[in-house]
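One structure is given below, encoded as structure tokens.
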Amino acid sequence: MAAVVAKFTSKSKLFVIALSTQCQQSRSFVSRLAEVGKLEIPRPEAAKYVTGQLFLHRVFGYRGVILFPWQARVYDRDAQNLERPPGSTSYAGQEVKSKTHTYYQVLIDSRDSPYIRAQTEAVTFLGNQENSRSLYAIPGLDYVSHDDIHPYHTTEKRPLVHELFDRFLIPTEEGSVTQFTSRETLRAWQEKNHPWLELSDVHKETTEGIRVTVIPFYMGSREAQSTHVYWWRYCIRLENLGEESAQLRERHWRIFSLSGTLETVRGRGVIGQEPLLTKSQSAFQYSSHVSLQAPSGHMWGTFRMERQDGYTFDCKIPPFSLESKEDPSSANPPIFA
């Protein structure tokens, strides 16, 4: 059994993958290197990537392919803080200005999924049954910032392993900008599920070198015991920008609903884990869900972080809005036929 566990870049721009092969008799693992492709020069954001572009993720290192772009409003509290005049008061409670930035919907190579520090079932949809809270997940879908794309080219005919790769993409003619382009299936799927896939707002804030990025998504609403329940998912990425390691120990959420309720949620870690952010493994990404009995609300909070010497501090989670949209007439889960 072979699996990707690491990637390296050589001076000739060729990159290789370390494969771990298990010996059946000794149960030991032996690493070997295999050439995969040739890295390309990253593009400035003005020159956006197109459907079918193969890439390596700058932070998580996985292989992926771009499906289509999103134009997001990025609310960066760090940038807002830098723009304040010296000696001015804190921006807390003040409006944070947004800047437009390109993100991409991508497929993750399933061979890499078990070895990256990112939840690979982050994109979920509500079920279509009445009074149902069922969630449908699509494994191996992610949202990636333009800055995290490192494009590459390969001679492999099927360079990425994902059950939707052949359904969504088709090889292009030699000499084309990318090696693959979209099938009609991808265009139809994007149009049908646009309300639930759309990335519109991104929120960022850094505390003592730990940057937290939050992306909320509206999922739809359902009737439950004569009450309208609205659902959102949110994707969170923690990244250590400093030299010192830090471990996430606790989470503390405040959830305000337009109905007037304020809920407090505390607990150990996130999704059953207490990720350690080091210089070599600096990032961790996960997704979760929240429901309200109102069409809008807000969330904010902190992560309790601990340094190796025992020092603890509260890392701010930037406030973000939970806004609903008009539900399309069809509330079916995503289809691929």
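For the structure tokens, the naming scheme is as follows: chains receive sequential letters (A, B, ...) according to their order of presentation, residues are indexed from 1 within each chain, and ligands are indexed from 1 in presentation order.
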Worksheet item: What lies within 9 Å of A:Tyr103 using only C-alpha atoms, ignoring chain neighbours under 5 positions off, as a list in words?
Response: Phe68, Pro69, Trp70, Gln71, Ala72, Tyr143, Val144, Ser145, His146, Asp147 and Leu199 of chain A
Please, could you write that set of residues out with N, CA, C and O atoms as an mmCIF file, in the first residue's frame?
```cif
data_model
loop_
_atom_site.group_PDB
_atom_site.id
_atom_site.type_symbol
_atom_site.label_atom_id
_atom_site.label_comp_id
_atom_site.auth_asym_id
_atom_site.auth_seq_id
_atom_site.Cartn_x
_atom_site.Cartn_y
_atom_site.Cartn_z
ATOM 1 N N PHE A 68 -13.587 26.177 -10.345
ATOM 2 C CA PHE A 68 -14.047 27.504 -10.761
ATOM 3 C C PHE A 68 -13.722 28.509 -9.657
ATOM 4 O O PHE A 68 -13.490 28.131 -8.511
ATOM 5 N N PRO A 69 -13.705 29.809 -9.997
ATOM 6 C CA PRO A 69 -13.317 30.839 -9.026
ATOM 7 C C PRO A 69 -14.516 31.436 -8.291
ATOM 8 O O PRO A 69 -15.660 31.336 -8.735
ATOM 9 N N TRP A 70 -14.226 32.073 -7.156
ATOM 10 C CA TRP A 70 -15.189 32.889 -6.419
ATOM 11 C C TRP A 70 -14.523 34.236 -6.118
ATOM 12 O O TRP A 70 -13.336 34.283 -5.817
ATOM 13 N N GLN A 71 -15.298 35.302 -6.170
ATOM 14 C CA GLN A 71 -14.820 36.616 -5.758
ATOM 15 C C GLN A 71 -15.372 36.906 -4.362
ATOM 16 O O GLN A 71 -16.578 37.033 -4.180
ATOM 17 N N ALA A 72 -14.489 36.968 -3.382
ATOM 18 C CA ALA A 72 -14.904 37.101 -1.983
ATOM 19 C C ALA A 72 -14.548 38.471 -1.424
ATOM 20 O O ALA A 72 -13.560 39.085 -1.829
ATOM 21 N N TYR A 143 -11.930 25.166 -0.535
ATOM 22 C CA TYR A 143 -11.856 26.539 -1.027
ATOM 23 C C TYR A 143 -10.434 27.025 -0.776
ATOM 24 O O TYR A 143 -9.938 26.964 0.345
ATOM 25 N N VAL A 144 -9.766 27.517 -1.821
ATOM 26 C CA VAL A 144 -8.348 27.873 -1.709
ATOM 27 C C VAL A 144 -8.126 29.300 -2.198
ATOM 28 O O VAL A 144 -8.586 29.675 -3.282
ATOM 29 N N SER A 145 -7.404 30.083 -1.396
ATOM 30 C CA SER A 145 -7.046 31.446 -1.772
ATOM 31 C C SER A 145 -6.080 31.432 -2.958
ATOM 32 O O SER A 145 -5.268 30.515 -3.110
ATOM 33 N N HIS A 146 -6.165 32.461 -3.783
ATOM 34 C CA HIS A 146 -5.248 32.587 -4.919
ATOM 35 C C HIS A 146 -3.789 32.516 -4.454
ATOM 36 O O HIS A 146 -2.941 31.929 -5.133
ATOM 37 N N ASP A 147 -3.512 33.079 -3.288
ATOM 38 C CA ASP A 147 -2.136 33.117 -2.776
ATOM 39 C C ASP A 147 -1.620 31.739 -2.391
ATOM 40 O O ASP A 147 -0.401 31.550 -2.261
ATOM 41 N N LEU A 199 -19.025 31.312 -2.028
ATOM 42 C CA LEU A 199 -18.156 31.920 -1.028
ATOM 43 C C LEU A 199 -18.234 33.428 -1.233
ATOM 44 O O LEU A 199 -17.882 33.930 -2.291
#
```
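Among the candidates A:Val270, A:Ala224, A:Leu186, A:Ile149, the one nearest to A:Arg58 when counting only C-alpha atoms is A:Ile149.
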Worksheet item: In terms of the shortest atom-to-atom distance over only C-alpha atoms, which of A:Trp196, A:Tyr115, A:Tyr75, A:Phe256 is closest to A:Ser324?
Response: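 Closest to A:Ser324, using only C-alpha atoms: A:Trp196.
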Worksheet item: Which residues, written as a VMD selection string, have at least one atom at most 8 Å from A:Glu40, with only C-alpha atoms counted and residues fewer than 3 positions away on the same chain left out?
Response: chain A and resid 13 150 to 153
Discussion item. Env of stretch 169-177 of chain A: 7 Å cut, atoms = only C-alpha atoms, seq-sep filter 5 positions within chain, self excluded. Answer as an NGL selection string.
Written reply: :A and (52 or 182-183)
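When atom CA of A:Pro139 is paired with atom CA of A:Glu121, their separation reads 4.4 Å.
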Worksheet item: What separation in Å, quoted to one decimal, exists between atom CA of A:Ala283 and atom CA of A:Arg117?
Response: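 Taking atom CA of A:Ala283 as the start and atom CA of A:Arg117 as the end point, the length is 7.0 Å.
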Practice prompt. Once DSSP has gone over the backbone, tell me which residues of stretch 26-269 of chain A are in alpha helix (DSSP H), as a ChimeraX atom specification.
Written response: /A:77-83,165-168,184-197
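Each of A:Arg158, A:Arg251, A:Arg73, A:Arg43 was compared to A:Gly301 using only C-alpha atoms, and A:Arg251 turns out to be the nearest.
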Worksheet item: In terms of the shortest atom-to-atom distance over only C-alpha atoms, which of A:Ser200, A:Gln119, A:Thr100, A:Thr206 is closest to A:Ser287?
Response: A:Gln119
Discussion item. Could you list, as number ranges by chain, every residue within 10 Å of A:Ser98, counting only C-alpha atoms and ignoring same-chain residues fewer than 4 positions away?
Written reply: A: 72-77, 79-80, 201-203
Selection export as a PDB file, in the first residue's frame, atoms kept: N, CA, C and O atoms:
```pdb
ATOM      1  N   ALA A  72     -14.489  36.968  -3.382  1.00  0.00           N
ATOM      2  CA  ALA A  72     -14.904  37.101  -1.983  1.00  0.00           C
ATOM      3  C   ALA A  72     -14.548  38.471  -1.424  1.00  0.00           C
ATOM      4  O   ALA A  72     -13.560  39.085  -1.829  1.00  0.00           O
ATOM      5  N   ARG A  73     -15.361  38.924  -0.475  1.00  0.00           N
ATOM      6  CA  ARG A  73     -15.045  40.128   0.297  1.00  0.00           C
ATOM      7  C   ARG A  73     -14.242  39.688   1.525  1.00  0.00           C
ATOM      8  O   ARG A  73     -14.753  38.935   2.362  1.00  0.00           O
ATOM      9  N   VAL A  74     -13.002  40.155   1.635  1.00  0.00           N
ATOM     10  CA  VAL A  74     -12.135  39.766   2.744  1.00  0.00           C
ATOM     11  C   VAL A  74     -12.099  40.899   3.773  1.00  0.00           C
ATOM     12  O   VAL A  74     -11.704  42.027   3.454  1.00  0.00           O
ATOM     13  N   TYR A  75     -12.517  40.573   4.999  1.00  0.00           N
ATOM     14  CA  TYR A  75     -12.488  41.531   6.106  1.00  0.00           C
ATOM     15  C   TYR A  75     -11.285  41.179   6.988  1.00  0.00           C
ATOM     16  O   TYR A  75     -11.350  40.282   7.815  1.00  0.00           O
ATOM     17  N   ASP A  76     -10.197  41.888   6.767  1.00  0.00           N
ATOM     18  CA  ASP A  76      -8.938  41.594   7.449  1.00  0.00           C
ATOM     19  C   ASP A  76      -8.724  42.607   8.571  1.00  0.00           C
ATOM     20  O   ASP A  76      -8.365  43.765   8.319  1.00  0.00           O
ATOM     21  N   ARG A  77      -8.931  42.183   9.807  1.00  0.00           N
ATOM     22  CA  ARG A  77      -8.766  43.089  10.938  1.00  0.00           C
ATOM     23  C   ARG A  77      -7.307  43.444  11.169  1.00  0.00           C
ATOM     24  O   ARG A  77      -6.997  44.495  11.736  1.00  0.00           O
ATOM     25  N   ALA A  79      -5.114  44.104   8.723  1.00  0.00           N
ATOM     26  CA  ALA A  79      -4.855  45.208   7.799  1.00  0.00           C
ATOM     27  C   ALA A  79      -5.498  46.489   8.314  1.00  0.00           C
ATOM     28  O   ALA A  79      -4.925  47.576   8.224  1.00  0.00           O
ATOM     29  N   GLN A  80      -6.707  46.356   8.874  1.00  0.00           N
ATOM     30  CA  GLN A  80      -7.397  47.524   9.421  1.00  0.00           C
ATOM     31  C   GLN A  80      -6.602  48.126  10.569  1.00  0.00           C
ATOM     32  O   GLN A  80      -6.483  49.336  10.697  1.00  0.00           O
ATOM     33  N   ASP A 201     -17.940  35.946   1.884  1.00  0.00           N
ATOM     34  CA  ASP A 201     -17.226  36.712   2.910  1.00  0.00           C
ATOM     35  C   ASP A 201     -16.144  35.876   3.583  1.00  0.00           C
ATOM     36  O   ASP A 201     -16.359  34.694   3.884  1.00  0.00           O
ATOM     37  N   VAL A 202     -15.001  36.509   3.839  1.00  0.00           N
ATOM     38  CA  VAL A 202     -13.889  35.887   4.553  1.00  0.00           C
ATOM     39  C   VAL A 202     -13.449  36.848   5.657  1.00  0.00           C
ATOM     40  O   VAL A 202     -13.315  38.053   5.420  1.00  0.00           O
ATOM     41  N   HIS A 203     -13.242  36.327   6.872  1.00  0.00           N
ATOM     42  CA  HIS A 203     -12.870  37.157   8.015  1.00  0.00           C
ATOM     43  C   HIS A 203     -11.545  36.674   8.592  1.00  0.00           C
ATOM     44  O   HIS A 203     -11.351  35.469   8.796  1.00  0.00           O
TER      45      HIS A 203
END
```
Item to complete: Enumerate, as a VMD selection string, the complete set of residues in stretch 174-324 of chain A that a backbone-based DSSP assignment places in strand (DSSP E or B).
Response: chain A and resid 180 to 182 201 to 207 210 to 224 227 to 240 246 to 257 262 to 268 270 273 276 to 277 283 to 292 296 to 307 312 to 323
Item to complete: Excluding A:Ile210 and any residue of its chain fewer than 4 positions from it, enumerate the residues within 12 Å of it, using only C-alpha atoms, and give them as a ChimeraX atom specification.
Response: /A:78,204-206,237-248,276-279,282-284,302-307,313-317
Worksheet entry | Close residues, A:Gly297 itself excluded, 12 Å, only C-alpha atoms, min 6 positions apart in chain, as a count of residues only | 23
